[in-house]
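Here's the structure we're looking at; comments come further down.
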Amino acid sequence: MYDVKKKFMTGAEIATQAAIDFGADTMYGYPITPVTEVFTNWIKQGQKYLQTEDEIAAGFAVCGAVMAGQKAFTATSGPGHILMQDALSMAEGMRLPFVAIVAQRGGPSSGTVIYSQQETTLACFGGNGEGLRLVYSPGTLAELYTLIRRAFNESWQYRFPAIILTDGYTVKTRGLVDLENLKVENVASAPLVKEGEIKHWPNIFTFEEELYTEVMKSKADFDKITAGVATAEEYQTEDAEILLIAHGIVGAATKVAVDQLREADKKVGLFRPITLRPLAVPQLNSIAKKVKKIVFIESSLGQLARIIKDELSPGVGASFEYLQCPGLGIEIEEIVNQVSKF
Amino acid sequence: MPEYIPAKFCAGCGYPIILMTLGRILEQKQLSKKAVMGLDIGCSLLAINALPINIFHTHHGRVTPTMLGFKRARPDSLCFGLTGDGGAYAIGWQSLFHSALRDEPITVIVVNNTVYAMTGGQTAPTTLPGQKTDTNPNGYDGATFFGPESLRHITHKDAYLARTAANNPKDIATYIEKAIATQSAGHFSLVEILSFCPTNWKTVGKATMDYVENLKKVYKVGEI
Ligand SMILES: Cc1ncc(C[n+]2csc(CCOP(=O)(O)OP(=O)(O)O)c2C)c(N)n1
Ligand code: SF4
Ligand SMILES: [Mg+2]
């Protein structure tokens, strides 16, 4: 039966709608494929915006705007994501609610223009800091919406920069979604620099100890919110002997592959991190401890695998296998084929 | 109110004169509450505690886009970007140029000491021919950059551009007042101030003044 509440929307339209539903006020951007449509859709909706001279200016304008208490954001990809790290680093240092939608494209360099998972390390650990930022990896169009809403809310609530790490396939795909069912309460914005307050707010310090104290405070705050923010999907893990680990749309494809492999009596399960920063570490380890083999599946040469392996507890005895296709889409059949051999 | 900590500028530096003048104008005009000052990274960063107004650090070359973001979010605020000549005319030029072109209603104060002072005296776009710097030990032999003059070609007719010097505090006051009026009228403004850097110029007393007077022969002071 046709559900009238469902709408046929592209990922870019969904992303725009999520920002509007959060009450985002202004977007700063610089065109880059595959994320341009997020910007042009936003503009078509009659929203406030500025097309800046580059992503550096877009990023710093967002910093200035959020300091003034405005719900501002940006969207970028690949080479623009690299330039955006300058502002993201300031946002990390000053704990600004900086929200960026990043649709990955192939790299290095200008690479390809639609798809990859090669910006995972950059999103999670780019900059000259410690990766104290929130990074969300949506697997589906509906999740793109919910994670953008979460990113805005959690970034303003906890004051860490937030990146929604998606890709061009996701933002260009059109699908049926029921956004009404996904609505949530909005976190309010508040100025961080208030009129008449006389705040002197440094981001560069004279003494090592001063910076150390700042970073350790942020780390403690990040640890405090981790249990509430870190999210992952686990699927068919109860009796799994082989654990497949994938994120984003590769994670969604892997879930379907799990069903097909199960039909062939292969005892596989899925761990799909929904937040890459912070990662759901206890959940990961409780599953990883029970399996014989872990297979990392990603459109990069091990960027996800490194993040996960860094967090595996010593009790995990599984051996590792990899399906790594840098900058290449990974289809369900390929996952089924490869995993059948393990 | 934050604790008043004396700024860490070197003795004889031009920055404190500029800051004191700005502070006095804001107080006189009762604009201290509305004023927000972003600092580029250069010796400007030392101004973090200099005035009883809202002040924050940004990044080297990035004060202009940060302040336009603030201003667009809070049109009723009075936004200043304090930057060195390197921050304004080298690493930050792209943003400064386009902000001027778009006529962003912010006030950029460029402290031109003809060097990268914070990093120990390297060549800046404003370094004079023949001037010895860390990176041109035998004397600079490149072209000289004229910020306000370059911007005049692309700015709105009501944008305000001027140059003065740290030993002309009266003009600093007049020009900053006009820049504030320009911002309030919704236009871009920039005041460049030729400023003393005895530390990197390796000058003392009268030699510092002579140096600035000599600079004025190349960099014409006045409204542009
Ligand atoms: C991206 C980046 N590159 C380089 C630096 C190092 N750096 C700090 S201040 C500065 C030069 C400052 O010169 P200027 O802008 O003229 O200011 P001044 O110190 O002379 O007042 C440089 C190169 C930095 N902080 N950030
Ligand atoms: S190095 Fe030069 S510009 Fe910097 S504080 Fe000292 S005198 Fe002033
Ligand atoms: Mg300088």
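Naming works like this for the structure tokens: A, B, ... for the chains as they're shown, residue 1 at the start of each chain, ligands 1 onward in shown order.
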
Residue list for chain A near chain B as a ChimeraX atom specification, 8 Å, only C-alpha atoms: /A:53,57-58,60-70,90,193-204

Counting only C-alpha atoms and all ligand atoms, name the residues that have an atom within 7 Å of an atom of ligand 3; the answer should be given as a compact mmCIF listing (two decimals) with C-alpha atoms, in the first residue's frame.
```
# COMPACT_ATOMS: atom_id res chain seq x y z
CA GLY B 84 49.48 41.95 10.77
CA ASP B 85 50.53 42.80 7.24
CA GLY B 86 51.48 39.17 6.59
CA VAL B 111 49.31 46.62 11.56
CA ASN B 112 52.00 47.05 8.93
CA ASN B 113 55.47 46.61 10.42
CA THR B 114 56.93 45.43 7.07
CA VAL B 115 57.89 42.01 8.49
CA TYR B 116 56.56 38.81 9.96
CA ALA B 117 57.32 40.01 13.46
CA ALA B 124 56.32 40.17 4.22
```

Pick out the residues sitting within 6 Å of region 147-154 of chain A, and hand them over as a list in words; count only C-alpha atoms, and ignore anything fewer than 4 positions along from it in its own chain. Ala18, Glu143, Tyr158, Ala162 and Val187 of chain A

At a cut-off of 12 Å, using only C-alpha atoms, what residues contact Arg277 (chain A)? Leave out same-chain residues fewer than 6 positions from it and give the result as a PyMOL selection string. chain A and resi 120-125+130-137+151+160-165+222-223+225-227+229-232+304+307-308+311

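With only C-alpha atoms taken into account, the protein and nucleic acid residues at most 6 Å from region 162-171 of chain B (excluding it and anything under 5 positions from it in its own chain) are Gly14, Val191, Glu192, Ile193, Leu194, Ser195, Val221, Gly222, Glu223 and Ile224 of chain B.
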
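Pocket residues of ligand 2, taken as those with any atom at most 8 Å away using only C-alpha atoms and all ligand atoms, are Lys8, Phe9, Cys10, Ala11, Gly12, Cys13, Gly14, Tyr15, Gly42, Cys43, Ser44, Leu46, Asn113, Ala117, Met118, Gly120, Gly121, Ser195, Phe196, Cys197, Pro198, Thr199, Asn200 and Trp201 of chain B.
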
Can you build me a table of chain A residues sitting at most 12 Å from ligand 1, with the closest atom pair per residue and its distance in Å to one decimal, using only C-alpha atoms and all ligand atoms, sorted by chain and residue number, as a Markdown table?
```
| residue | atom | partner | partner_atom_place_in_ligand_line | distance |
| --- | --- | --- | --- | --- |
| A:Ile56 | CA | ligand 1 | 1 (C) | 11.1 |
| A:Leu83 | CA | ligand 1 | 1 (C) | 11.2 |
| A:Gln85 | CA | ligand 1 | 1 (C) | 11.4 |
| A:Asp86 | CA | ligand 1 | 1 (C) | 8.1 |
| A:Ala87 | CA | ligand 1 | 1 (C) | 10.8 |
| A:Ser89 | CA | ligand 1 | 1 (C) | 11.3 |
| A:Met90 | CA | ligand 1 | 1 (C) | 11.5 |
| A:Gly127 | CA | ligand 1 | 1 (C) | 11.6 |
| A:Asn128 | CA | ligand 1 | 1 (C) | 11.4 |
| A:Asn203 | CA | ligand 1 | 25 (N) | 11.3 |
| A:Ile204 | CA | ligand 1 | 25 (N) | 9.4 |
```

Prev. selection, N, CA, C and O atoms, output as a PDB file, in the first residue's frame:
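Written output follows (result-v3.pdb):
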```pdb
ATOM      1  N   ILE A  56      38.139  27.466   3.022  1.00  0.00           N
ATOM      2  CA  ILE A  56      38.766  28.017   4.230  1.00  0.00           C
ATOM      3  C   ILE A  56      37.860  29.115   4.782  1.00  0.00           C
ATOM      4  O   ILE A  56      37.529  29.130   5.973  1.00  0.00           O
ATOM      5  N   LEU A  83      40.825  21.489   2.993  1.00  0.00           N
ATOM      6  CA  LEU A  83      40.899  22.911   3.380  1.00  0.00           C
ATOM      7  C   LEU A  83      40.072  23.189   4.630  1.00  0.00           C
ATOM      8  O   LEU A  83      40.414  24.042   5.438  1.00  0.00           O
ATOM      9  N   GLN A  85      39.792  21.494   7.181  1.00  0.00           N
ATOM     10  CA  GLN A  85      40.433  21.059   8.431  1.00  0.00           C
ATOM     11  C   GLN A  85      41.026  22.226   9.215  1.00  0.00           C
ATOM     12  O   GLN A  85      41.157  22.163  10.438  1.00  0.00           O
ATOM     13  N   ASP A  86      41.391  23.307   8.519  1.00  0.00           N
ATOM     14  CA  ASP A  86      41.936  24.485   9.199  1.00  0.00           C
ATOM     15  C   ASP A  86      40.889  25.008  10.200  1.00  0.00           C
ATOM     16  O   ASP A  86      41.174  25.176  11.395  1.00  0.00           O
ATOM     17  N   ALA A  87      39.679  25.232   9.701  1.00  0.00           N
ATOM     18  CA  ALA A  87      38.606  25.738  10.574  1.00  0.00           C
ATOM     19  C   ALA A  87      38.175  24.672  11.583  1.00  0.00           C
ATOM     20  O   ALA A  87      37.872  24.982  12.741  1.00  0.00           O
ATOM     21  N   SER A  89      39.979  22.538  12.971  1.00  0.00           N
ATOM     22  CA  SER A  89      40.984  22.511  14.025  1.00  0.00           C
ATOM     23  C   SER A  89      40.713  23.627  15.041  1.00  0.00           C
ATOM     24  O   SER A  89      40.829  23.409  16.259  1.00  0.00           O
ATOM     25  N   MET A  90      40.323  24.798  14.538  1.00  0.00           N
ATOM     26  CA  MET A  90      39.960  25.875  15.469  1.00  0.00           C
ATOM     27  C   MET A  90      38.713  25.477  16.260  1.00  0.00           C
ATOM     28  O   MET A  90      38.630  25.710  17.474  1.00  0.00           O
ATOM     29  N   GLY A 127      43.559  17.431  11.082  1.00  0.00           N
ATOM     30  CA  GLY A 127      43.938  18.554  11.934  1.00  0.00           C
ATOM     31  C   GLY A 127      45.114  18.212  12.817  1.00  0.00           C
ATOM     32  O   GLY A 127      45.598  17.076  12.818  1.00  0.00           O
ATOM     33  N   ASN A 128      45.542  19.194  13.604  1.00  0.00           N
ATOM     34  CA  ASN A 128      46.716  18.988  14.471  1.00  0.00           C
ATOM     35  C   ASN A 128      46.287  18.744  15.910  1.00  0.00           C
ATOM     36  O   ASN A 128      46.997  19.089  16.846  1.00  0.00           O
ATOM     37  N   ASN A 203      43.062  30.829  21.893  1.00  0.00           N
ATOM     38  CA  ASN A 203      43.252  29.470  21.342  1.00  0.00           C
ATOM     39  C   ASN A 203      44.729  29.178  21.123  1.00  0.00           C
ATOM     40  O   ASN A 203      45.097  28.175  20.540  1.00  0.00           O
ATOM     41  N   ILE A 204      45.565  30.111  21.580  1.00  0.00           N
ATOM     42  CA  ILE A 204      47.016  29.895  21.506  1.00  0.00           C
ATOM     43  C   ILE A 204      47.565  30.235  22.876  1.00  0.00           C
ATOM     44  O   ILE A 204      47.118  31.196  23.510  1.00  0.00           O
TER      45      ILE A 204
END
```
